[in-house]
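Structure below is data.cif: mmCIF, C-alpha atoms.
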data_my_file
#
loop_
_atom_site.group_PDB
_atom_site.id
_atom_site.type_symbol
_atom_site.label_atom_id
_atom_site.label_comp_id
_atom_site.auth_asym_id
_atom_site.auth_seq_id
_atom_site.Cartn_x
_atom_site.Cartn_y
_atom_site.Cartn_z
ATOM 1 C CA MET A 22 95.861 124.137 185.374
ATOM 2 C CA GLY A 23 95.507 125.050 181.706
ATOM 3 C CA LEU A 24 98.309 127.588 182.013
ATOM 4 C CA ILE A 25 100.564 125.046 183.737
ATOM 5 C CA THR A 26 100.165 122.353 181.070
ATOM 6 C CA THR A 27 100.556 124.977 178.343
ATOM 7 C CA ILE A 28 103.866 126.177 179.799
ATOM 8 C CA ILE A 29 105.130 122.600 180.271
ATOM 9 C CA THR A 30 104.179 121.652 176.706
ATOM 10 C CA ILE A 31 105.803 124.749 175.202
ATOM 11 C CA VAL A 32 108.984 124.291 177.252
ATOM 12 C CA ILE A 33 109.330 120.663 176.112
ATOM 13 C CA CYS A 34 108.729 121.526 172.443
ATOM 14 C CA VAL A 35 111.131 124.473 172.474
ATOM 15 C CA TRP A 36 113.843 122.521 174.321
ATOM 16 C CA VAL A 37 113.631 119.664 171.814
ATOM 17 C CA GLU A 38 113.707 122.064 168.874
ATOM 18 C CA LEU A 39 116.692 124.051 170.124
ATOM 19 C CA ASN A 40 118.692 120.990 171.131
ATOM 20 C CA SER A 41 117.910 118.526 168.363
ATOM 21 C CA ASP A 42 116.429 120.557 165.485
ATOM 22 C CA PHE A 43 113.331 118.344 165.650
ATOM 23 C CA VAL A 44 110.073 120.325 165.613
ATOM 24 C CA ILE A 45 107.478 118.154 167.350
ATOM 25 C CA TYR A 46 104.405 120.078 166.215
ATOM 26 C CA SER A 47 105.469 119.966 162.542
ATOM 27 C CA PHE A 48 105.313 116.163 162.330
ATOM 28 C CA THR A 49 102.691 115.195 159.728
ATOM 29 C CA PHE A 50 101.485 112.200 157.736
ATOM 30 C CA PHE A 51 101.292 112.772 153.973
ATOM 31 C CA PHE A 52 101.547 116.581 154.419
ATOM 32 C CA ILE A 53 97.900 116.886 155.496
ATOM 33 C CA ILE A 54 97.532 114.958 158.771
ATOM 34 C CA PRO A 55 99.060 117.188 161.485
ATOM 35 C CA VAL A 56 99.788 114.463 164.034
ATOM 36 C CA GLY A 57 102.419 116.466 165.924
ATOM 37 C CA ALA A 58 100.276 119.602 166.137
ATOM 38 C CA CYS A 59 97.299 117.569 167.393
ATOM 39 C CA LEU A 60 99.371 115.908 170.103
ATOM 40 C CA VAL A 61 100.896 119.199 171.212
ATOM 41 C CA GLY A 62 97.462 120.878 171.163
ATOM 42 C CA LEU A 63 96.015 118.143 173.351
ATOM 43 C CA GLY A 64 98.938 118.352 175.747
ATOM 44 C CA SER A 65 98.636 122.124 176.002
ATOM 45 C CA ALA A 66 94.862 122.108 176.627
ATOM 46 C CA SER A 67 94.811 119.033 178.883
ATOM 47 C CA GLY A 68 95.106 121.243 181.968
ATOM 48 C CA TYR A 69 91.698 122.740 181.217
ATOM 49 C CA TYR A 70 90.162 119.278 181.414
ATOM 50 C CA ILE A 71 91.991 118.477 184.645
ATOM 51 C CA GLY A 72 91.065 121.835 186.161
ATOM 52 C CA ALA A 73 87.417 121.579 185.120
ATOM 53 C CA LYS A 74 87.078 118.120 186.684
ATOM 54 C CA LEU A 75 89.058 119.085 189.788
ATOM 55 C CA PHE A 76 87.063 122.266 190.475
ATOM 56 C CA HIS A 77 83.787 120.962 188.974
ATOM 57 C CA LEU A 78 83.511 123.630 186.285
ATOM 58 C CA PRO A 79 80.934 122.889 183.567
ATOM 59 C CA THR A 80 81.527 123.591 179.908
ATOM 60 C CA SER A 81 80.724 127.148 178.887
ATOM 61 C CA LYS A 82 81.440 129.733 176.205
ATOM 62 C CA THR A 83 84.032 131.280 178.516
ATOM 63 C CA LEU A 84 85.885 127.977 178.792
ATOM 64 C CA THR A 85 85.711 127.409 175.021
ATOM 65 C CA TYR A 86 86.985 130.910 174.235
ATOM 66 C CA GLY A 87 89.723 130.493 176.832
ATOM 67 C CA ILE A 88 90.893 127.262 175.205
ATOM 68 C CA LEU A 89 90.783 128.879 171.756
ATOM 69 C CA PHE A 90 92.849 131.841 172.955
ATOM 70 C CA ASN A 91 95.273 129.493 174.673
ATOM 71 C CA ALA A 92 95.670 127.403 171.503
ATOM 72 C CA ALA A 93 96.269 130.417 169.249
ATOM 73 C CA SER A 94 98.731 132.081 171.623
ATOM 74 C CA SER A 95 100.551 128.787 172.246
ATOM 75 C CA PHE A 96 100.999 128.211 168.525
ATOM 76 C CA TYR A 97 102.450 131.703 168.198
ATOM 77 C CA LEU A 98 104.833 131.170 171.131
ATOM 78 C CA LEU A 99 106.057 127.888 169.641
ATOM 79 C CA TYR A 100 107.521 129.972 166.827
ATOM 80 C CA TYR A 101 108.517 133.081 168.764
ATOM 81 C CA ILE A 102 110.403 131.514 171.700
ATOM 82 C CA PRO A 103 112.809 129.458 169.524
ATOM 83 C CA TYR A 104 113.424 132.624 167.504
ATOM 84 C CA TYR A 105 114.195 134.553 170.691
ATOM 85 C CA PHE A 106 116.712 132.014 171.998
ATOM 86 C CA LEU A 107 118.208 130.765 168.733
ATOM 87 C CA GLU A 108 121.938 131.351 168.358
ATOM 88 C CA ILE A 109 124.088 130.961 165.262
ATOM 89 C CA ASN A 110 127.856 131.183 165.669
ATOM 90 C CA GLY A 111 127.426 132.682 169.125
ATOM 91 C CA GLN A 112 125.048 135.444 168.019
ATOM 92 C CA PHE A 113 121.342 135.627 168.709
ATOM 93 C CA VAL A 114 119.265 135.558 165.557
ATOM 94 C CA ARG A 115 116.956 138.218 167.024
ATOM 95 C CA GLU A 116 119.881 140.688 166.944
ATOM 96 C CA VAL A 117 120.204 140.249 163.192
ATOM 97 C CA ILE A 118 116.643 139.842 161.893
ATOM 98 C CA ASP A 119 113.175 140.824 163.104
ATOM 99 C CA PHE A 120 110.604 138.169 163.928
ATOM 100 C CA ILE A 121 108.314 138.580 160.885
ATOM 101 C CA PRO A 122 111.120 138.189 158.287
ATOM 102 C CA TYR A 123 112.471 135.268 160.330
ATOM 103 C CA LEU A 124 109.021 133.675 160.402
ATOM 104 C CA LYS A 125 108.689 133.994 156.633
ATOM 105 C CA ILE A 126 111.991 132.165 156.192
ATOM 106 C CA ALA A 127 111.082 129.550 158.815
ATOM 107 C CA LEU A 128 107.773 128.782 157.074
ATOM 108 C CA THR A 129 109.013 128.654 153.479
ATOM 109 C CA ASP A 130 112.736 127.905 153.403
ATOM 110 C CA TYR A 131 112.887 124.263 154.434
ATOM 111 C CA SER A 132 112.556 120.879 152.772
ATOM 112 C CA ILE A 133 110.847 117.600 153.615
ATOM 113 C CA SER A 134 112.629 114.268 153.342
ATOM 114 C CA PHE A 135 110.976 110.882 152.818
ATOM 115 C CA ILE A 136 112.757 108.146 154.744
ATOM 116 C CA ARG A 137 111.553 105.168 152.709
ATOM 117 C CA SER A 138 112.233 106.568 149.249
ATOM 118 C CA ARG A 139 115.204 108.662 150.398
ATOM 119 C CA THR A 140 113.929 111.589 148.346
ATOM 120 C CA ASN A 141 113.638 115.257 149.182
ATOM 121 C CA THR A 142 110.972 117.787 148.258
ATOM 122 C CA GLY A 143 113.391 120.661 147.919
ATOM 123 C CA THR A 144 112.404 124.026 149.374
ATOM 124 C CA VAL A 145 108.656 124.024 150.034
ATOM 125 C CA GLY A 146 108.297 127.726 149.267
ATOM 126 C CA SER A 147 104.817 129.196 149.616
ATOM 127 C CA TRP A 148 103.429 125.685 150.268
ATOM 128 C CA GLY A 149 104.914 126.148 153.722
ATOM 129 C CA TYR A 150 102.114 128.586 154.581
ATOM 130 C CA ALA A 151 99.474 125.989 153.695
ATOM 131 C CA ILE A 152 101.273 123.291 155.695
ATOM 132 C CA THR A 153 101.525 125.616 158.698
ATOM 133 C CA PHE A 154 97.840 126.536 158.413
ATOM 134 C CA ILE A 155 96.921 122.830 158.482
ATOM 135 C CA GLN A 156 99.090 122.413 161.579
ATOM 136 C CA PHE A 157 97.333 125.402 163.171
ATOM 137 C CA LEU A 158 93.927 123.850 162.482
ATOM 138 C CA GLY A 159 95.120 120.571 164.008
ATOM 139 C CA PHE A 160 96.299 122.484 167.064
ATOM 140 C CA ILE A 161 92.959 124.296 167.402
ATOM 141 C CA PHE A 162 90.665 121.313 166.848
ATOM 142 C CA SER A 163 92.646 119.006 169.127
ATOM 143 C CA SER A 164 92.463 121.669 171.856
ATOM 144 C CA LEU A 165 88.703 121.980 171.376
ATOM 145 C CA ALA A 166 88.444 118.203 171.723
ATOM 146 C CA ILE A 167 88.891 118.894 175.441
ATOM 147 C CA VAL A 168 85.532 120.710 175.424
ATOM 148 C CA GLY A 169 83.918 117.753 173.654
ATOM 149 C CA LYS A 170 85.375 115.377 176.209
ATOM 150 C CA LEU A 171 84.032 117.467 179.103
ATOM 151 C CA GLU A 172 80.580 117.609 177.527
ATOM 152 C CA GLU A 173 80.527 113.799 177.585
ATOM 153 C CA GLU A 174 81.140 113.784 181.334
ATOM 154 C CA PRO A 175 77.845 113.685 183.312
ATOM 155 C CA TYR A 176 77.358 116.852 185.359
ATOM 156 C CA CYS A 177 74.787 117.310 188.122
ATOM 157 C CA LYS A 178 73.086 120.695 187.985
ATOM 158 C CA ASP A 179 71.584 120.199 191.449
ATOM 159 C CA CYS A 180 74.915 120.140 193.312
ATOM 160 C CA SER A 181 77.093 121.628 190.536
ATOM 161 C CA LYS A 182 79.454 118.662 190.594
ATOM 162 C CA TYR A 183 80.592 116.114 188.069
ATOM 163 C CA TYR A 184 79.228 112.655 188.738
ATOM 164 C CA SER A 185 81.758 110.060 189.862
ATOM 165 C CA GLU A 186 81.697 106.605 188.282
ATOM 166 C CA LYS A 187 80.666 103.800 190.629
ATOM 167 C CA LEU A 188 79.927 100.937 188.251
ATOM 168 C CA ASP A 189 81.168 100.102 184.751
ATOM 169 C CA TYR A 190 79.971 96.811 183.260
ATOM 170 C CA LYS A 191 80.558 95.533 179.744
ATOM 171 C CA LYS A 192 78.926 92.537 178.111
ATOM 172 C CA TYR A 193 80.194 91.333 174.743
ATOM 173 C CA TYR A 194 78.373 90.115 171.630
ATOM 174 C CA ARG A 195 79.024 88.973 168.097
ATOM 175 C CA ASP A 196 75.337 88.781 167.095
ATOM 176 C CA GLU A 197 74.062 92.228 166.081
ATOM 177 C CA LYS A 198 70.389 91.258 166.386
ATOM 178 C CA LYS A 199 70.894 89.897 169.900
ATOM 179 C CA ILE A 200 72.660 93.015 171.206
ATOM 180 C CA ILE A 201 69.944 95.256 169.738
ATOM 181 C CA THR A 202 67.239 93.110 171.374
ATOM 182 C CA ASP A 203 68.948 93.299 174.782
ATOM 183 C CA TYR A 204 69.635 97.011 174.363
ATOM 184 C CA THR A 205 65.997 97.678 173.513
ATOM 185 C CA LEU A 206 64.806 95.713 176.556
ATOM 186 C CA LEU A 207 67.111 97.536 178.970
ATOM 187 C CA SER A 208 66.393 100.960 177.482
ATOM 188 C CA SER A 209 62.646 100.360 177.849
ATOM 189 C CA LEU A 210 63.186 99.545 181.540
ATOM 190 C CA MET A 211 65.128 102.784 181.927
ATOM 191 C CA GLN A 212 62.268 104.723 180.370
ATOM 192 C CA LEU A 213 59.831 103.010 182.750
ATOM 193 C CA GLN A 214 62.091 103.950 185.705
ATOM 194 C CA SER A 215 62.441 100.228 186.578
ATOM 195 C CA PHE A 216 66.094 100.647 187.431
ATOM 196 C CA LYS A 217 66.356 97.806 189.960
ATOM 197 C CA LYS A 218 65.366 95.259 187.300
ATOM 198 C CA ILE A 219 68.143 96.310 184.944
ATOM 199 C CA GLY A 220 71.151 94.987 186.882
ATOM 200 C CA PRO A 221 69.954 91.375 187.371
ATOM 201 C CA LEU A 222 68.815 91.156 183.741
ATOM 202 C CA TYR A 223 72.013 92.700 182.403
ATOM 203 C CA LYS A 224 74.118 90.249 184.417
ATOM 204 C CA LYS A 225 72.639 87.327 182.448
ATOM 205 C CA MET A 226 73.159 88.927 179.055
ATOM 206 C CA GLY A 227 76.001 88.543 176.555
ATOM 207 C CA HIS A 228 79.500 87.268 177.323
ATOM 208 C CA LYS A 229 81.841 88.368 180.112
ATOM 209 C CA SER A 230 85.023 88.331 177.988
ATOM 210 C CA VAL A 231 85.809 89.824 174.598
ATOM 211 C CA GLY A 232 86.997 86.649 172.861
ATOM 212 C CA GLU A 233 85.939 86.835 169.219
ATOM 213 C CA ASN A 234 83.153 89.316 169.971
ATOM 214 C CA HIS A 235 83.225 92.735 168.341
ATOM 215 C CA LEU A 236 80.250 94.427 170.047
ATOM 216 C CA SER A 237 79.669 95.454 173.651
ATOM 217 C CA LEU A 238 76.685 96.565 175.718
ATOM 218 C CA ASP A 239 77.899 99.068 178.315
ATOM 219 C CA TYR A 240 76.062 99.767 181.561
ATOM 220 C CA LYS A 241 77.373 102.502 183.879
ATOM 221 C CA ILE A 242 76.215 104.046 187.131
ATOM 222 C CA TYR A 243 77.443 107.385 188.476
ATOM 223 C CA THR A 244 76.630 109.258 191.679
ATOM 224 C CA CYS A 245 77.079 112.836 192.835
ATOM 225 C CA ASN A 246 77.194 114.712 196.146
ATOM 226 C CA CYS A 247 73.429 115.129 196.305
ATOM 227 C CA LYS A 248 72.956 111.369 195.871
ATOM 228 C CA ASN A 249 71.483 111.512 192.395
ATOM 229 C CA TYR A 250 72.128 108.386 190.349
ATOM 230 C CA TYR A 251 73.087 108.809 186.714
ATOM 231 C CA ILE A 252 72.603 105.602 184.722
ATOM 232 C CA SER A 253 73.847 105.229 181.159
ATOM 233 C CA LEU A 254 73.453 102.495 178.590
ATOM 234 C CA SER A 255 75.272 102.358 175.282
ATOM 235 C CA MET A 256 76.463 100.044 172.526
ATOM 236 C CA SER A 257 80.066 99.979 171.387
ATOM 237 C CA LYS A 258 81.852 98.445 168.435
ATOM 238 C CA LEU A 259 85.434 97.221 168.256
ATOM 239 C CA SER A 260 87.571 99.620 166.242
ATOM 240 C CA ASN A 261 91.260 98.761 165.958
ATOM 241 C CA ASP A 262 92.112 97.733 169.534
ATOM 242 C CA ASP A 263 89.418 99.680 171.378
ATOM 243 C CA PHE A 264 85.639 99.758 171.681
ATOM 244 C CA GLU A 265 84.003 102.994 170.529
ATOM 245 C CA ILE A 266 80.424 104.081 171.236
ATOM 246 C CA ILE A 267 78.203 103.679 168.195
ATOM 247 C CA ASN A 268 76.683 107.016 167.206
ATOM 248 C CA LYS A 269 73.401 107.974 168.903
ATOM 249 C CA THR A 270 73.086 104.827 170.985
ATOM 250 C CA LEU A 271 73.829 106.396 174.380
ATOM 251 C CA ILE A 272 70.780 106.842 176.599
ATOM 252 C CA TYR A 273 70.722 107.901 180.223
ATOM 253 C CA SER A 274 68.392 108.458 183.160
ATOM 254 C CA ILE A 275 68.774 110.373 186.404
ATOM 255 C CA THR A 276 67.012 109.219 189.557
ATOM 256 C CA LYS A 277 67.126 109.663 193.310
ATOM 257 C CA ASP A 278 66.071 106.033 193.825
ATOM 258 C CA LYS A 279 68.885 104.082 195.412
ATOM 259 C CA ILE A 280 70.389 101.781 192.788
ATOM 260 C CA PRO A 281 72.321 98.632 193.818
ATOM 261 C CA LEU A 282 75.977 98.739 192.745
ATOM 262 C CA LYS A 283 76.646 94.996 193.180
ATOM 263 C CA TYR A 284 74.935 92.076 191.528
#

Can I see the file as structure tokens?
Amino acid sequence: MGLITTIITIVICVWVELNSDFVIYSFTFFFIIPVGACLVGLGSASGYYIGAKLFHLPTSKTLTYGILFNAASSFYLLYYIPYYFLEINGQFVREVIDFIPYLKIALTDYSISFIRSRTNTGTVGSWGYAITFIQFLGFIFSSLAIVGKLEEEPYCKDCSKYYSEKLDYKKYYRDEKKIITDYTLLSSLMQLQSFKKIGPLYKKMGHKSVGENHLSLDYKIYTCNCKNYYISLSMSKLSNDDFEIINKTLIYSITKDKIPLKY
């Protein structure tokens, strides 16, 4: 799956570059935020996530090294393939100049235009190497984000399968003290293995809709093939238009006790 998404991503990027002179992976904010490279890196490595979930493969050094190799080779191919197919006045560029001299020109002999101010940087020169290196780092780190995402997915070592989500409840708060009190109560019940008390209590807590609330208490239940129940509890905070888990608030328990999924 990783190879498939890599090929699709490279084909799209190369086709756009050869037909419109727009290089997707070179798109940056303020020279230092490699937005395009991050998006392309995620697209290229997304197949590893899909494949790992589909075939229930846990994270490992082999997977990480495979994604790293894929990212590095993909970044190289994004430069080499356009070079191989590029034509100027009906002649292939590869027939006139070798790849390394071409790459040097491609990395240094271009300019950046600012739409709002309608100004131009002029030829970037050796700064092009630094810009490309930043893009490469964006490509690498966004690809490795796939590993981080997989590590967040609960995995059952007993049956070697990823847990599947069966219940996802959110209750919303605006009072920080209240959400911490409720979180502490529920987490203590999880530690005491009193799982059947959690659902009825949680149902009465907080608010059902977001409204003007900016905090959420998240209660999830997962199951696997061997009928283990994975229960997680976390607090989230509204950031932009989405709720993000507050650092180090996620706790979880695994039990074979049957947990009700409806309240």

Exercise. Hey, which of A:Glu265, A:Asp196, A:Asp239, A:Glu174 ends up closest to Thr80 of chain A? Count all atoms listed in the file.
Worked result: A:Glu174

For this session: Name the residues captured by the PyMOL selection byres ((chain A and resi 228) around 12) when it is applied to the shown file; answer as a VMD selection string.
Result: chain A and resid 190 to 196 199 to 200 223 to 227 229 to 239

For this session: Can you pull out every residue within 9 Å of Leu24 of chain A, counting all atoms listed in the file, but drop anything in the same chain fewer than 4 positions away, and send it as an MDAnalysis selection string?
Result: chainID A and resid 28:29 65:66 68:69 91

Assuming the chain letters and numbering stay as they are in my file, what does the PyMOL selection byres ((chain A and resi 169) around 12) actually select? List them as a PDB file with C-alpha atoms, in the frame of the given file.
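Full text of result.pdb as output:
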ATOM      1  CA  TYR A  69      91.698 122.740 181.217  1.00  0.00           C
ATOM      2  CA  TYR A  70      90.162 119.278 181.414  1.00  0.00           C
ATOM      3  CA  PRO A  79      80.934 122.889 183.567  1.00  0.00           C
ATOM      4  CA  THR A  80      81.527 123.591 179.908  1.00  0.00           C
ATOM      5  CA  SER A  81      80.724 127.148 178.887  1.00  0.00           C
ATOM      6  CA  LEU A  84      85.885 127.977 178.792  1.00  0.00           C
ATOM      7  CA  THR A  85      85.711 127.409 175.021  1.00  0.00           C
ATOM      8  CA  ILE A  88      90.893 127.262 175.205  1.00  0.00           C
ATOM      9  CA  PHE A 162      90.665 121.313 166.848  1.00  0.00           C
ATOM     10  CA  SER A 163      92.646 119.006 169.127  1.00  0.00           C
ATOM     11  CA  SER A 164      92.463 121.669 171.856  1.00  0.00           C
ATOM     12  CA  LEU A 165      88.703 121.980 171.376  1.00  0.00           C
ATOM     13  CA  ALA A 166      88.444 118.203 171.723  1.00  0.00           C
ATOM     14  CA  ILE A 167      88.891 118.894 175.441  1.00  0.00           C
ATOM     15  CA  VAL A 168      85.532 120.710 175.424  1.00  0.00           C
ATOM     16  CA  LYS A 170      85.375 115.377 176.209  1.00  0.00           C
ATOM     17  CA  LEU A 171      84.032 117.467 179.103  1.00  0.00           C
ATOM     18  CA  GLU A 172      80.580 117.609 177.527  1.00  0.00           C
ATOM     19  CA  GLU A 173      80.527 113.799 177.585  1.00  0.00           C
ATOM     20  CA  GLU A 174      81.140 113.784 181.334  1.00  0.00           C
TER      21      GLU A 174
END

Output of the PyMOL selection byres ((chain A and resi 34) around 8), listed as a short mmCIF file (atom, residue, chain, number, x, y, z; two decimals) with C-alpha atoms, keeping the file's coordinate frame:
data_model
loop_
_atom_site.label_atom_id
_atom_site.label_comp_id
_atom_site.auth_asym_id
_atom_site.auth_seq_id
_atom_site.Cartn_x
_atom_site.Cartn_y
_atom_site.Cartn_z
CA THR A 30 104.18 121.65 176.71
CA ILE A 31 105.80 124.75 175.20
CA VAL A 32 108.98 124.29 177.25
CA ILE A 33 109.33 120.66 176.11
CA VAL A 35 111.13 124.47 172.47
CA TRP A 36 113.84 122.52 174.32
CA VAL A 37 113.63 119.66 171.81
CA GLU A 38 113.71 122.06 168.87
CA VAL A 44 110.07 120.32 165.61
CA ILE A 45 107.48 118.15 167.35
CA TYR A 46 104.40 120.08 166.22
CA LEU A 99 106.06 127.89 169.64
#

For this session: Excluding segment 246-254 of chain A and residues on its chain fewer than 6 positions from it, collect all residues at most 12 Å away from it, counting only C-alpha atoms, and give them as a PyMOL selection string.
Result: chain A and resi 77+173-192+201+203-212+214-217+219-220+223+237-240+266-267+269-282

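The space separating atom CA of Ile152 of chain A from atom CA of Ser94 of chain A comes to 18.4 Å.
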
Exercise. In Å, with one decimal, what is the gap from atom CA of Met256 of chain A to atom CA of Gly159 of chain A?
Worked result: 29.0 Å

Problem set entry | Two-atom distance - atom CA of Ser41 of chain A, atom CA of Gly23 of chain A (Å) | 26.9 Å

For this session: Have a look at A:Tyr150, A:Phe264, A:Phe113, A:Tyr101 and name the one nearest to Leu128 of chain A; count all atoms listed in the file.
Result: A:Tyr150

Exercise. So, counting all atoms listed in the file, which residue among A:Met22, A:Gly149, A:Ala58, A:Leu39 is closest to Ile71 of chain A?
Worked result: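 Closest candidate: A:Met22.
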
Problem set entry | Pick from A:Trp148, A:Ser95, A:Lys283, A:Glu197 nearest to Lys258 of chain A, counting only C-alpha atoms | A:Glu197

Axis-aligned box for segment 191-208 of chain A, 3 Å per side, centre and edges in Å as JSON:
{"center_x": 72.7, "center_y": 94.9, "center_z": 172.9, "size_x": 21.8, "size_y": 18.2, "size_z": 19.7}
